[in-house]
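One structure is given below, encoded as structure tokens.
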Amino acid sequence: MTTSTVPGEPPFDAVLCDIDGVLRFFDHREVTRLEHAAGLPQGRTAEVAFAGDAGTTLVHGGLTRSEWAGAIARDLAAAGLPADPARELAAAFTHVPARADAVVVDLLRRARERCPVLLVSNATVWLEEDLAALGLADLAEGVVNSARVGAAKPDRRIYELAAERARATPGRCLFVDDRPENVEAADRLGMTGLLYREPADLRRALAPLLDAPHPGGPLLG
């Protein structure tokens, strides 16, 4: 990740941040327990849940939570798992507990005092409900959710829409994601891409912004 700045000017006009793998993390221990009890390898349910057309339909807003659970259960059953454990696994996977990384939350809240912060996620139609449950409904100026906008990373349209909503040019956006292909797509649009691995990565990327003079005034109308 590289940035170029003019003396006295903040390095970014907006921060665009992924959610899962950066801000939100899931606790799959119960799913793992059920997989073990059913004789499945760890992670098999996730593979089924996001495989093929179902995964694409999900992140483009075409499935409710119950519809997704039904699709997972059917696919597990079609692969030979009895119906009852298939339904139990599907229910557990689609209601897996989640937590927010407190350090990342704090960094993004501090960044929002300096410039617009938007969350950009390949997610579900119930993402906003999940964010509210985690106490994150007001973390960012907005959420660019693939399930709501009809485009998913690494499609350039979702990046362009996020920059537009932030009222920033792509070249003045910091884009944070834990998937290399998503960061590479941001880089191709001229954004400053950060491949996230740990909170220290985000802290270093935001340091020039957080150390810059406070701009004051409203961020978005």
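Labeling convention for the structure tokens: chains A, B, ... as they appear, residues from 1 per chain, ligands from 1 in order of appearance.
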Enumerate the residues of region 10-69 of chain A with a DSSP assignment of alpha helix (DSSP H), computed from the backbone, and present them as a list in words. Arg29, Glu30, Val31, Thr32, Arg33, Leu34, Glu35, His36, Ala37, Ala38, Arg44, Thr45, Ala46, Glu47, Val48, Ala49, Gly52, Asp53, Ala54, Gly55, Thr56, Thr57, Leu58, Val59, Arg65, Ser66, Glu67, Trp68 and Ala69 of chain A
Could those selected residues go to a file with N, CA and C atoms, as a compact mmCIF listing (two decimals), in the first residue's frame?
```txt
# COMPACT_ATOMS: atom_id res chain seq x y z
N ARG A 29 -17.80 -22.52 16.26
CA ARG A 29 -17.54 -23.70 17.09
C ARG A 29 -18.72 -24.67 17.11
N GLU A 30 -19.94 -24.17 17.17
CA GLU A 30 -21.10 -25.06 17.18
C GLU A 30 -21.25 -25.75 15.83
N VAL A 31 -21.01 -25.02 14.75
CA VAL A 31 -21.07 -25.64 13.43
C VAL A 31 -20.01 -26.73 13.31
N THR A 32 -18.81 -26.46 13.80
CA THR A 32 -17.73 -27.46 13.76
C THR A 32 -18.11 -28.69 14.57
N ARG A 33 -18.73 -28.47 15.73
CA ARG A 33 -19.16 -29.61 16.56
C ARG A 33 -20.18 -30.47 15.81
N LEU A 34 -21.14 -29.81 15.18
CA LEU A 34 -22.17 -30.56 14.44
C LEU A 34 -21.57 -31.27 13.22
N GLU A 35 -20.61 -30.65 12.57
CA GLU A 35 -19.95 -31.31 11.44
C GLU A 35 -19.22 -32.56 11.91
N HIS A 36 -18.52 -32.45 13.02
CA HIS A 36 -17.80 -33.61 13.57
C HIS A 36 -18.78 -34.73 13.92
N ALA A 37 -19.90 -34.35 14.56
CA ALA A 37 -20.89 -35.37 14.93
C ALA A 37 -21.50 -36.04 13.71
N ALA A 38 -21.59 -35.31 12.61
CA ALA A 38 -22.19 -35.85 11.39
C ALA A 38 -21.17 -36.55 10.50
N ARG A 44 -17.00 -27.95 5.79
CA ARG A 44 -17.80 -28.45 4.68
C ARG A 44 -19.10 -27.67 4.52
N THR A 45 -19.73 -27.28 5.63
CA THR A 45 -20.98 -26.54 5.55
C THR A 45 -20.76 -25.20 4.86
N ALA A 46 -19.67 -24.52 5.19
CA ALA A 46 -19.37 -23.24 4.55
C ALA A 46 -19.15 -23.42 3.05
N GLU A 47 -18.48 -24.50 2.67
CA GLU A 47 -18.26 -24.76 1.24
C GLU A 47 -19.59 -24.91 0.52
N VAL A 48 -20.50 -25.65 1.11
CA VAL A 48 -21.82 -25.85 0.52
C VAL A 48 -22.60 -24.53 0.49
N ALA A 49 -22.52 -23.77 1.57
CA ALA A 49 -23.32 -22.55 1.70
C ALA A 49 -23.00 -21.52 0.63
N GLY A 52 -21.31 -22.25 -5.91
CA GLY A 52 -22.12 -22.14 -7.12
C GLY A 52 -23.13 -21.02 -7.11
N ASP A 53 -24.28 -21.31 -7.69
CA ASP A 53 -25.32 -20.29 -7.88
C ASP A 53 -25.88 -19.77 -6.57
N ALA A 54 -25.95 -20.63 -5.55
CA ALA A 54 -26.53 -20.20 -4.28
C ALA A 54 -25.73 -19.05 -3.67
N GLY A 55 -24.39 -19.18 -3.67
CA GLY A 55 -23.57 -18.12 -3.11
C GLY A 55 -23.70 -16.82 -3.87
N THR A 56 -23.74 -16.92 -5.20
CA THR A 56 -23.89 -15.72 -6.02
C THR A 56 -25.25 -15.08 -5.79
N THR A 57 -26.29 -15.90 -5.76
CA THR A 57 -27.65 -15.38 -5.54
C THR A 57 -27.75 -14.71 -4.18
N LEU A 58 -27.12 -15.31 -3.17
CA LEU A 58 -27.16 -14.76 -1.81
C LEU A 58 -26.62 -13.35 -1.77
N VAL A 59 -25.40 -13.13 -2.30
CA VAL A 59 -24.77 -11.82 -2.17
C VAL A 59 -25.33 -10.80 -3.14
N ARG A 65 -32.82 -15.37 4.69
CA ARG A 65 -32.07 -16.27 5.57
C ARG A 65 -32.68 -17.67 5.56
N SER A 66 -34.00 -17.77 5.65
CA SER A 66 -34.64 -19.09 5.67
C SER A 66 -34.47 -19.81 4.34
N GLU A 67 -34.51 -19.08 3.24
CA GLU A 67 -34.29 -19.70 1.93
C GLU A 67 -32.87 -20.22 1.80
N TRP A 68 -31.93 -19.45 2.32
CA TRP A 68 -30.53 -19.88 2.29
C TRP A 68 -30.35 -21.15 3.12
N ALA A 69 -30.94 -21.17 4.32
CA ALA A 69 -30.84 -22.36 5.17
C ALA A 69 -31.44 -23.57 4.47
```
Mind checking which residues fall within 8 Å of region 141-148 of chain A, counting only C-alpha atoms, ignoring those fewer than 2 positions away in the same chain, and posting them as number ranges by chain? A: 58-62, 116-125, 127, 138-139, 150-153, 158, 161-162, 220
Using only C-alpha atoms, the best pick from A:Gly43, A:Gly70, A:Pro97, A:Gly193 as closest to Pro170 (chain A) would be A:Gly193
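Nearest to Val183 (chain A) of all the residues A:Pro11, A:Gly80, A:Gly21, A:Pro154 is A:Pro154, counting only C-alpha atoms.
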Nearest residue to Val176 (chain A) out of A:Glu128, A:Asp20, A:Glu164, A:Glu9, using only C-alpha atoms?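 Among the listed residues, A:Asp20 lies closest to Val176 (chain A).
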Name the residues of region 2-190 of chain A that come out as strand (DSSP E) in a backbone DSSP run; write them as a ChimeraX atom specification. /A:14-17,24-26,98-100,117-121,142-145,173-177
I want to know what sits within 9 Å of Leu210 (chain A), based on only C-alpha atoms, with residues of the same chain fewer than 5 positions away left out; could you give that as a list in words?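 The filter keeps Pro10, Arg110, Ala111, Glu113 and Arg114 of chain A.
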